[in-house]
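K.L.:
Just so it is clear, I am handing over my_file-v4.pdb, which has PDB, C-alpha atoms and all ligand atoms.
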```
ATOM      1  CA  MET A 756      22.020  17.020   5.651
ATOM      2  CA  THR A 757      19.270  17.820   8.138
ATOM      3  CA  ASN A 758      16.533  15.261   8.108
ATOM      4  CA  THR A 759      13.298  17.238   7.958
ATOM      5  CA  ASN A 760      11.265  14.110   8.711
ATOM      6  CA  ASP A 761      12.673  13.802  12.235
ATOM      7  CA  ASP A 762       9.572  15.193  13.897
ATOM      8  CA  ILE A 763       7.027  13.272  11.881
ATOM      9  CA  THR A 764       5.259  10.457  13.654
ATOM     10  CA  ALA A 765       3.646   7.796  11.510
ATOM     11  CA  PHE A 766       1.003   5.214  12.299
ATOM     12  CA  TYR A 767       2.077   1.886  10.851
ATOM     13  CA  ASN A 768       0.005  -1.276  11.329
ATOM     14  CA  GLY A 769      -1.326  -0.322  14.739
ATOM     15  CA  GLU A 770       1.769   1.383  16.152
ATOM     16  CA  TYR A 771       2.953   4.973  16.338
ATOM     17  CA  MET A 772       6.626   5.485  15.414
ATOM     18  CA  PRO A 773       9.030   8.017  13.860
ATOM     19  CA  ILE A 774       8.403   7.892  10.115
ATOM     20  CA  ASP A 775      12.018   6.875   9.426
ATOM     21  CA  LYS A 776      11.471   3.691  11.454
ATOM     22  CA  VAL A 777       8.644   2.437   9.235
ATOM     23  CA  ALA A 778       9.826  -0.727   7.478
ATOM     24  CA  ILE A 779       7.460  -1.883   4.742
ATOM     25  CA  SER A 780       7.982  -5.437   3.524
ATOM     26  CA  PRO A 781       9.410  -5.739  -0.005
ATOM     27  CA  PHE A 782       6.612  -8.266  -0.544
ATOM     28  CA  ASP A 783       3.891  -5.776   0.224
ATOM     29  CA  ARG A 784       1.443  -5.704  -2.694
ATOM     30  CA  GLY A 785       1.171  -1.939  -2.408
ATOM     31  CA  PHE A 786       4.889  -1.698  -3.174
ATOM     32  CA  LEU A 787       5.081  -4.484  -5.770
ATOM     33  CA  LEU A 788       1.790  -4.073  -7.612
ATOM     34  CA  GLY A 789       0.323  -0.717  -6.653
ATOM     35  CA  ASP A 790      -2.398  -2.826  -4.996
ATOM     36  CA  SER A 791      -3.555  -0.172  -2.554
ATOM     37  CA  ILE A 792      -5.880   2.735  -1.892
ATOM     38  CA  TYR A 793      -4.909   6.121  -0.527
ATOM     39  CA  GLU A 794      -6.474   9.249   0.874
ATOM     40  CA  ALA A 795      -5.199  12.706   1.717
ATOM     41  CA  ILE A 796      -7.123  14.844   4.205
ATOM     42  CA  PRO A 797      -6.319  18.526   4.793
ATOM     43  CA  PHE A 798      -6.353  19.742   8.394
ATOM     44  CA  TYR A 799      -6.441  23.434   9.305
ATOM     45  CA  ASN A 800      -5.515  24.116  12.913
ATOM     46  CA  ALA A 801      -6.122  20.414  13.614
ATOM     47  CA  LYS A 802      -9.631  20.496  12.097
ATOM     48  CA  ALA A 803     -10.328  18.396   9.001
ATOM     49  CA  LEU A 804     -11.885  20.112   6.003
ATOM     50  CA  GLY A 805     -14.417  17.802   4.385
ATOM     51  CA  GLY A 806     -13.334  15.038   6.783
ATOM     52  CA  GLU A 807     -16.487  12.988   6.484
ATOM     53  CA  LEU A 808     -16.294  13.002   2.655
ATOM     54  CA  HIS A 809     -12.642  11.931   2.761
ATOM     55  CA  TYR A 810     -13.329   9.008   5.148
ATOM     56  CA  GLN A 811     -16.308   7.923   3.063
ATOM     57  CA  ARG A 812     -14.209   7.986  -0.125
ATOM     58  CA  LEU A 813     -11.519   5.918   1.596
ATOM     59  CA  LEU A 814     -14.013   3.255   2.672
ATOM     60  CA  GLN A 815     -15.696   3.275  -0.757
ATOM     61  CA  GLY A 816     -12.312   2.854  -2.479
ATOM     62  CA  LEU A 817     -11.384  -0.058  -0.222
ATOM     63  CA  ALA A 818     -14.765  -1.707  -0.840
ATOM     64  CA  ALA A 819     -14.435  -1.139  -4.615
ATOM     65  CA  VAL A 820     -11.205  -3.164  -4.772
ATOM     66  CA  GLY A 821     -12.176  -5.693  -2.095
ATOM     67  CA  ILE A 822      -9.724  -4.696   0.654
ATOM     68  CA  GLU A 823     -11.447  -5.118   3.993
ATOM     69  CA  THR A 824     -11.356  -1.910   5.987
ATOM     70  CA  PRO A 825      -8.992  -2.452   8.927
ATOM     71  CA  TYR A 826     -10.878   0.111  11.077
ATOM     72  CA  PRO A 827     -14.455   1.325  11.270
ATOM     73  CA  LEU A 828     -15.215   4.896  10.246
ATOM     74  CA  GLU A 829     -14.955   6.433  13.768
ATOM     75  CA  GLN A 830     -11.563   4.879  14.510
ATOM     76  CA  TRP A 831      -9.767   6.506  11.583
ATOM     77  CA  SER A 832     -10.311   9.990  12.989
ATOM     78  CA  GLN A 833      -9.157   8.863  16.469
ATOM     79  CA  ILE A 834      -5.927   7.401  15.076
ATOM     80  CA  ILE A 835      -5.280  10.549  13.057
ATOM     81  CA  ALA A 836      -5.935  12.964  15.918
ATOM     82  CA  SER A 837      -2.854  11.544  17.691
ATOM     83  CA  LEU A 838      -0.681  12.091  14.625
ATOM     84  CA  LEU A 839      -1.295  15.757  13.928
ATOM     85  CA  VAL A 840       1.836  17.848  14.319
ATOM     86  CA  LYS A 841       1.318  20.458  17.014
ATOM     87  CA  ASN A 842       1.355  24.166  16.083
ATOM     88  CA  VAL A 843       1.164  23.577  12.341
ATOM     89  CA  ALA A 844      -1.527  25.675  10.656
ATOM     90  CA  SER A 845      -2.119  23.330   7.723
ATOM     91  CA  GLN A 846      -1.179  19.723   7.287
ATOM     92  CA  LEU A 847      -2.245  17.000   4.925
ATOM     93  CA  VAL A 848      -2.760  13.585   6.467
ATOM     94  CA  TYR A 849      -1.775  10.872   4.013
ATOM     95  CA  ILE A 850      -3.379   7.432   4.452
ATOM     96  CA  GLN A 851      -2.451   4.333   2.479
ATOM     97  CA  VAL A 852      -4.008   0.909   2.867
ATOM     98  CA  THR A 853      -2.531  -1.946   0.860
ATOM     99  CA  ARG A 854      -3.852  -5.454   0.377
ATOM    100  CA  GLY A 855      -0.908  -6.668   2.461
ATOM    101  CA  ASN A 856       1.506  -9.449   1.588
ATOM    102  CA  GLU A 857       2.001 -13.203   1.658
ATOM    103  CA  GLN A 858       5.816 -13.155   1.706
ATOM    104  CA  ILE A 859       5.906 -13.832  -2.011
ATOM    105  CA  ARG A 860       5.544 -11.872  -5.219
ATOM    106  CA  LYS A 861       2.537 -12.973  -7.219
ATOM    107  CA  HIS A 862      -0.261 -11.365  -9.171
ATOM    108  CA  ARG A 863      -2.846 -13.873  -8.079
ATOM    109  CA  PHE A 864      -5.153 -12.977  -5.279
ATOM    110  CA  PRO A 865      -3.697 -13.553  -1.804
ATOM    111  CA  VAL A 866      -5.456 -15.875   0.628
ATOM    112  CA  ASN A 867      -3.938 -14.768   3.935
ATOM    113  CA  ALA A 868      -2.835 -11.187   3.477
ATOM    114  CA  GLN A 869      -3.693  -8.633   6.172
ATOM    115  CA  PRO A 870      -3.998  -5.022   4.971
ATOM    116  CA  THR A 871      -1.001  -2.780   5.635
ATOM    117  CA  VAL A 872      -1.911   0.644   7.014
ATOM    118  CA  LEU A 873       0.418   3.625   6.882
ATOM    119  CA  ILE A 874      -0.662   7.123   7.937
ATOM    120  CA  PHE A 875       1.455  10.232   8.320
ATOM    121  CA  PRO A 876       0.952  13.999   8.268
ATOM    122  CA  ILE A 877       2.704  16.362   5.828
ATOM    123  CA  PRO A 878       2.814  20.061   6.768
ATOM    124  CA  PHE A 879       1.882  22.080   3.666
ATOM    125  CA  GLN A 880       1.009  25.502   2.324
ATOM    126  CA  SER A 881      -1.339  25.850  -0.596
ATOM    127  CA  GLY A 882       0.784  28.488  -2.339
ATOM    128  CA  ILE A 883      -2.340  30.032  -3.881
ATOM    129  CA  ASP A 884      -3.694  33.331  -2.573
ATOM    130  CA  THR A 885      -5.643  36.228  -4.069
ATOM    131  CA  ASN A 886      -2.417  37.614  -5.592
ATOM    132  CA  TYR A 887      -1.693  34.350  -7.421
ATOM    133  CA  PRO A 888      -1.063  35.280 -11.072
ATOM    134  CA  GLY A 889      -2.539  32.102 -12.592
ATOM    135  CA  CYS A 890      -1.139  28.929 -14.118
ATOM    136  CA  VAL A 891      -0.662  27.812 -17.718
ATOM    137  CA  ALA A 892      -2.211  24.469 -18.707
ATOM    138  CA  HIS A 893      -1.457  22.058 -21.543
ATOM    139  CA  LEU A 894      -3.867  19.564 -23.069
ATOM    140  CA  GLN A 895      -2.729  15.948 -23.088
ATOM    141  CA  ASP A 896      -4.330  12.605 -23.953
ATOM    142  CA  ASP A 897      -5.643  10.864 -20.857
ATOM    143  CA  MET A 898      -3.659   7.618 -20.619
ATOM    144  CA  ARG A 899      -5.046   6.436 -17.286
ATOM    145  CA  TRP A 900      -7.000   3.261 -16.538
ATOM    146  CA  GLN A 901     -10.763   2.999 -16.755
ATOM    147  CA  CYS A 902     -11.541   3.226 -13.022
ATOM    148  CA  CYS A 903     -10.346   6.724 -12.275
ATOM    149  CA  HIS A 904     -13.069   7.118  -9.627
ATOM    150  CA  ILE A 905     -11.011   4.788  -7.381
ATOM    151  CA  LYS A 906      -8.230   6.554  -5.468
ATOM    152  CA  SER A 907      -5.696   3.868  -6.205
ATOM    153  CA  THR A 908      -1.937   4.290  -5.728
ATOM    154  CA  SER A 909      -1.423   2.865  -9.247
ATOM    155  CA  LEU A 910      -0.770   6.353 -10.583
ATOM    156  CA  MET A 911       1.504   5.781 -13.582
ATOM    157  CA  GLY A 912      -0.840   7.535 -16.019
ATOM    158  CA  ASN A 913      -0.955  10.584 -13.740
ATOM    159  CA  VAL A 914       2.813  10.554 -13.239
ATOM    160  CA  LEU A 915       3.443  10.340 -16.985
ATOM    161  CA  ALA A 916       1.278  13.416 -17.517
ATOM    162  CA  TYR A 917       3.601  15.323 -15.165
ATOM    163  CA  ARG A 918       6.614  13.747 -16.856
ATOM    164  CA  GLN A 919       5.439  15.220 -20.144
ATOM    165  CA  LEU A 920       5.331  18.688 -18.551
ATOM    166  CA  HIS A 921       8.832  18.093 -17.212
ATOM    167  CA  THR A 922      10.093  16.928 -20.616
ATOM    168  CA  ASP A 923       8.559  20.017 -22.221
ATOM    169  CA  GLY A 924      10.384  22.235 -19.702
ATOM    170  CA  VAL A 925       7.163  23.425 -18.022
ATOM    171  CA  SER A 926       7.176  21.394 -14.798
ATOM    172  CA  ASN A 927       5.207  23.993 -12.853
ATOM    173  CA  ASP A 928       2.416  24.243 -15.398
ATOM    174  CA  GLU A 929      -0.697  22.107 -15.283
ATOM    175  CA  ALA A 930      -1.847  19.270 -17.546
ATOM    176  CA  LEU A 931      -5.478  18.923 -18.573
ATOM    177  CA  LEU A 932      -6.468  15.429 -19.643
ATOM    178  CA  VAL A 933      -8.566  14.813 -22.742
ATOM    179  CA  ARG A 934     -10.697  11.730 -23.326
ATOM    180  CA  ASP A 935     -12.604  11.315 -26.593
ATOM    181  CA  GLY A 936     -12.399  15.038 -27.286
ATOM    182  CA  TYR A 937     -13.620  16.100 -23.827
ATOM    183  CA  VAL A 938     -11.478  17.598 -21.080
ATOM    184  CA  VAL A 939     -12.174  15.602 -17.939
ATOM    185  CA  GLU A 940      -9.638  16.275 -15.204
ATOM    186  CA  ALA A 941      -6.061  17.243 -14.327
ATOM    187  CA  PRO A 942      -3.549  14.608 -13.114
ATOM    188  CA  SER A 943      -4.193  15.511  -9.470
ATOM    189  CA  SER A 944      -7.140  17.883  -9.523
ATOM    190  CA  ASN A 945     -10.665  18.381 -10.809
ATOM    191  CA  LEU A 946     -11.609  20.817 -13.543
ATOM    192  CA  PHE A 947     -14.039  23.737 -13.471
ATOM    193  CA  MET A 948     -14.868  26.342 -16.099
ATOM    194  CA  ALA A 949     -17.203  29.327 -16.160
ATOM    195  CA  LYS A 950     -18.966  30.791 -19.182
ATOM    196  CA  ASP A 951     -21.575  33.562 -19.075
ATOM    197  CA  GLU A 952     -21.887  33.263 -15.257
ATOM    198  CA  VAL A 953     -22.622  29.502 -15.414
ATOM    199  CA  ILE A 954     -20.149  27.052 -13.856
ATOM    200  CA  TYR A 955     -19.379  23.706 -15.501
ATOM    201  CA  THR A 956     -17.478  20.725 -14.113
ATOM    202  CA  PRO A 957     -17.184  17.187 -15.533
ATOM    203  CA  PRO A 958     -19.473  14.597 -13.893
ATOM    204  CA  VAL A 959     -17.834  12.037 -11.614
ATOM    205  CA  ASP A 960     -18.572   9.028 -13.831
ATOM    206  CA  ASN A 961     -14.932   8.130 -14.495
ATOM    207  CA  ILE A 962     -12.896  10.763 -12.689
ATOM    208  CA  LEU A 963     -11.925  11.103  -9.064
ATOM    209  CA  PRO A 964     -14.824  12.435  -6.984
ATOM    210  CA  GLY A 965     -12.765  15.220  -5.452
ATOM    211  CA  VAL A 966     -13.784  16.442  -2.021
ATOM    212  CA  THR A 967     -12.704  19.992  -2.915
ATOM    213  CA  ARG A 968     -14.868  19.687  -6.044
ATOM    214  CA  THR A 969     -17.918  18.862  -3.892
ATOM    215  CA  LEU A 970     -17.180  21.743  -1.486
ATOM    216  CA  VAL A 971     -16.734  24.188  -4.389
ATOM    217  CA  ILE A 972     -19.962  23.061  -6.106
ATOM    218  CA  ASN A 973     -21.838  23.624  -2.824
ATOM    219  CA  LEU A 974     -20.261  27.057  -2.346
ATOM    220  CA  ALA A 975     -21.074  28.043  -5.933
ATOM    221  CA  LYS A 976     -24.722  27.092  -5.417
ATOM    222  CA  ASP A 977     -24.796  28.980  -2.091
ATOM    223  CA  LEU A 978     -23.486  32.047  -3.912
ATOM    224  CA  GLY A 979     -26.357  31.724  -6.396
ATOM    225  CA  TYR A 980     -24.475  30.317  -9.408
ATOM    226  CA  LYS A 981     -25.891  27.624 -11.648
ATOM    227  CA  VAL A 982     -23.601  24.571 -11.768
ATOM    228  CA  ILE A 983     -23.828  22.093 -14.653
ATOM    229  CA  GLU A 984     -21.976  18.766 -14.414
ATOM    230  CA  LYS A 985     -20.798  18.338 -17.986
ATOM    231  CA  ALA A 986     -17.328  17.825 -19.448
ATOM    232  CA  PRO A 987     -16.362  20.595 -21.902
ATOM    233  CA  SER A 988     -15.045  19.788 -25.358
ATOM    234  CA  ILE A 989     -11.594  21.267 -26.107
ATOM    235  CA  GLU A 990     -13.251  24.026 -28.111
ATOM    236  CA  VAL A 991     -15.718  24.890 -25.350
ATOM    237  CA  LEU A 992     -12.968  24.931 -22.721
ATOM    238  CA  LYS A 993     -10.858  27.259 -24.819
ATOM    239  CA  SER A 994     -13.798  29.664 -25.127
ATOM    240  CA  ALA A 995     -14.374  29.752 -21.334
ATOM    241  CA  ASP A 996     -14.376  33.025 -19.400
ATOM    242  CA  GLU A 997     -12.583  31.315 -16.510
ATOM    243  CA  VAL A 998     -10.980  27.953 -15.781
ATOM    244  CA  TRP A 999      -9.688  26.630 -12.465
ATOM    245  CA  VAL A1000      -8.700  23.271 -10.979
ATOM    246  CA  THR A1001      -9.315  22.043  -7.441
ATOM    247  CA  ASN A1002      -7.672  19.709  -4.979
ATOM    248  CA  SER A1003      -7.072  19.481  -1.244
ATOM    249  CA  MET A1004      -3.597  21.001  -1.341
ATOM    250  CA  GLU A1005      -3.891  23.734  -3.966
ATOM    251  CA  GLU A1006      -7.562  24.384  -3.184
ATOM    252  CA  LEU A1007      -8.711  26.420  -6.224
ATOM    253  CA  LYS A1008      -5.995  27.172  -8.770
ATOM    254  CA  PRO A1009      -6.850  29.533 -11.639
ATOM    255  CA  ILE A1010      -5.752  28.523 -15.158
ATOM    256  CA  THR A1011      -5.079  31.634 -17.188
ATOM    257  CA  ALA A1012      -3.822  30.105 -20.455
ATOM    258  CA  ILE A1013      -4.333  26.818 -22.283
ATOM    259  CA  ASP A1014      -1.718  25.833 -24.879
ATOM    260  CA  GLN A1015      -0.610  29.462 -25.493
ATOM    261  CA  ALA A1016      -4.137  30.906 -25.722
ATOM    262  CA  ALA A1017      -5.326  33.148 -22.874
ATOM    263  CA  VAL A1018      -8.363  32.022 -20.901
ATOM    264  CA  GLY A1019     -10.787  34.978 -20.812
ATOM    265  CA  GLU A1020      -8.745  38.067 -20.029
ATOM    266  CA  GLY A1021      -5.693  35.993 -19.105
ATOM    267  CA  VAL A1022      -5.890  36.747 -15.384
ATOM    268  CA  PRO A1023      -7.669  35.000 -12.466
ATOM    269  CA  GLY A1024     -11.350  35.808 -12.856
ATOM    270  CA  ARG A1025     -14.162  37.171 -10.717
ATOM    271  CA  LEU A1026     -15.939  33.855 -10.059
ATOM    272  CA  TRP A1027     -12.676  32.175  -9.078
ATOM    273  CA  ARG A1028     -11.993  35.040  -6.661
ATOM    274  CA  ALA A1029     -15.470  34.816  -5.100
ATOM    275  CA  LEU A1030     -15.212  31.041  -4.659
ATOM    276  CA  PHE A1031     -11.611  31.152  -3.457
ATOM    277  CA  THR A1032     -12.611  33.689  -0.797
ATOM    278  CA  ALA A1033     -15.662  31.666   0.246
ATOM    279  CA  PHE A1034     -13.493  28.547   0.424
ATOM    280  CA  GLN A1035     -11.071  30.195   2.870
ATOM    281  CA  ALA A1036     -14.000  30.787   5.204
ATOM    282  CA  LEU A1037     -14.672  27.021   5.416
ATOM    283  CA  LYS A1038     -11.401  26.430   7.244
TER
HETATM  284  C1  LIG A1101      -6.869  12.695 -10.275
HETATM  285  C2  LIG A1101      -7.343  13.569  -9.163
HETATM  286  N1  LIG A1101      -8.438  14.307  -9.355
HETATM  287  C3  LIG A1101      -8.901  15.135  -8.395
HETATM  288  C4  LIG A1101      -8.256  15.245  -7.167
HETATM  289  C5  LIG A1101      -8.796  16.196  -6.118
HETATM  290  O1  LIG A1101      -9.346  15.503  -5.025
HETATM  291  P1  LIG A1101      -9.504  16.233  -3.637
HETATM  292  O2  LIG A1101     -10.239  17.499  -3.901
HETATM  293  O3  LIG A1101     -10.312  15.284  -2.834
HETATM  294  O4  LIG A1101      -8.146  16.467  -3.102
HETATM  295  C6  LIG A1101      -7.117  14.478  -6.922
HETATM  296  C7  LIG A1101      -6.422  14.561  -5.644
HETATM  297  O5  LIG A1101      -5.411  13.935  -5.418
HETATM  298  C8  LIG A1101      -6.650  13.615  -7.948
HETATM  299  O6  LIG A1101      -5.538  12.867  -7.768
END
```
Please rewrite the model in this file as structure tokens.
P.N.:
Amino acid sequence: MTNTNDDITAFYNGEYMPIDKVAISPFDRGFLLGDSIYEAIPFYNAKALGGELHYQRLLQGLAAVGIETPYPLEQWSQIIASLLVKNVASQLVYIQVTRGNEQIRKHRFPVNAQPTVLIFPIPFQSGIDTNYPGCVAHLQDDMRWQCCHIKSTSLMGNVLAYRQLHTDGVSNDEALLVRDGYVVEAPSSNLFMAKDEVIYTPPVDNILPGVTRTLVINLAKDLGYKVIEKAPSIEVLKSADEVWVTNSMEELKPITAIDQAAVGEGVPGRLWRALFTAFQALK
């Protein structure tokens, strides 16, 4: 079998190396306990989209869980510049920083651990364009922990949401997560809905503050739309004219049905199209 990772260079604890040569310790707390923070930054023709917001979120996540940042803000972008694969139009740079390891497995806080840093680029294509027909979504209970604003690699709740889709035979559909009757987020994207020309998106009190979300809110305001940060109830979401989800890889993905019921006219809507088009111009 051809190894498609051959050309990928990774940055691992201060050194650049082929990704297949990275050897993470079995004692690393990121591996054993999910004790780590990650970030994923999209680059278009080697230029980061929302770079500053991504680096800030990384440093905020590290501070939130008490992992000392191994590099100051400026150095991250220098390290990453050397990793970008040449001649690739779009690539996502994945960054993971773990609390490190003390050559032992234990829950208790380590005294001497040095953070482990792994960074590598993943060439990608969003797969969404103006001909995209739309995606079906399914409501599910949100089973995640109570600090969803932290971009932690402990992602079991998110993974189980996708497992449910897989079990139901709809792996390519989307899940929308419901907390106390309100729809807050998807397992790897933020939620937007539009009703009567007003755009709504849940506030970032206990969801991931998505960078794409911020960019889309700014674009919507620039285009003259009112944006209200409020989570919709299930009923309100189902009565929306348009629904879409956002993340760095899929950008803006229109949801055209929720649990068998069409959203609006059951096709990607006018506001989605306007924002999707404006978003392309940011690259
Ligand atoms: C739970 C969750 N919400 C939202 C997002 C979107 O964040 P961003 O737009 O920064 O990619 C992600 C991205 O991975 C996510 O995992």
K.L.:
What do you get, as a list in words, if you spell out every residue that the PyMOL selection byres (((not hetatm)) within 6 of (chain A and resi 1101)) selects here?
P.N.:
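Expected selection for the PyMOL selection byres (((not hetatm)) within 6 of (chain A and resi 1101)) here is Pro942, Ser943, Ser944, Asn945, Leu963, Gly965, Val966, Thr967, Arg968, Thr1001, Asn1002 and Ser1003 of chain A.
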K.L.:
What lies within 6 Å of Phe798 in chain A using only C-alpha atoms, ignoring chain neighbours under 3 positions off, as a VMD selection string?
P.N.:
chain A and resid 801 to 803 845 to 846
K.L.:
What lies within 8 Å of Leu931 in chain A using only C-alpha atoms, ignoring chain neighbours under 4 positions off, as a PyMOL selection string?
P.N.:
chain A and resi 892-895+938-942
K.L.:
For C-alpha atoms, I'd like the residues from the last selection saved as an mmCIF file, in the frame of the given file.
P.N.:
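Final file, out.cif:
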```cif
data_model
loop_
_atom_site.group_PDB
_atom_site.id
_atom_site.type_symbol
_atom_site.label_atom_id
_atom_site.label_comp_id
_atom_site.auth_asym_id
_atom_site.auth_seq_id
_atom_site.Cartn_x
_atom_site.Cartn_y
_atom_site.Cartn_z
ATOM 1 C CA ALA A 892 -2.211 24.469 -18.707
ATOM 2 C CA HIS A 893 -1.457 22.058 -21.543
ATOM 3 C CA LEU A 894 -3.867 19.564 -23.069
ATOM 4 C CA GLN A 895 -2.729 15.948 -23.088
ATOM 5 C CA VAL A 938 -11.478 17.598 -21.080
ATOM 6 C CA VAL A 939 -12.174 15.602 -17.939
ATOM 7 C CA GLU A 940 -9.638 16.275 -15.204
ATOM 8 C CA ALA A 941 -6.061 17.243 -14.327
ATOM 9 C CA PRO A 942 -3.549 14.608 -13.114
#
```
K.L.:
Care to translate the PyMOL selection byres (((chain A and resi 865) around 12) and not hetatm) into actual residues of this file, as a list in words?
P.N.:
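So the PyMOL selection byres (((chain A and resi 865) around 12) and not hetatm), applied here, picks out Phe782, Asp783, Arg784, Asp790, Gly821, Ile822, Thr853, Arg854, Gly855, Asn856, Glu857, Gln858, Ile859, Arg860, Lys861, His862, Arg863, Phe864, Val866, Asn867, Ala868, Gln869 and Pro870 of chain A.
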K.L.:
Counting only C-alpha atoms, figure out which residue out of A:Ile779, A:Leu1026, A:Leu804, A:Ile835 gets nearest to Lys1038 in chain A.
P.N.:
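Among the listed residues, the smallest separation from Lys1038 in chain A belongs to A:Leu804.
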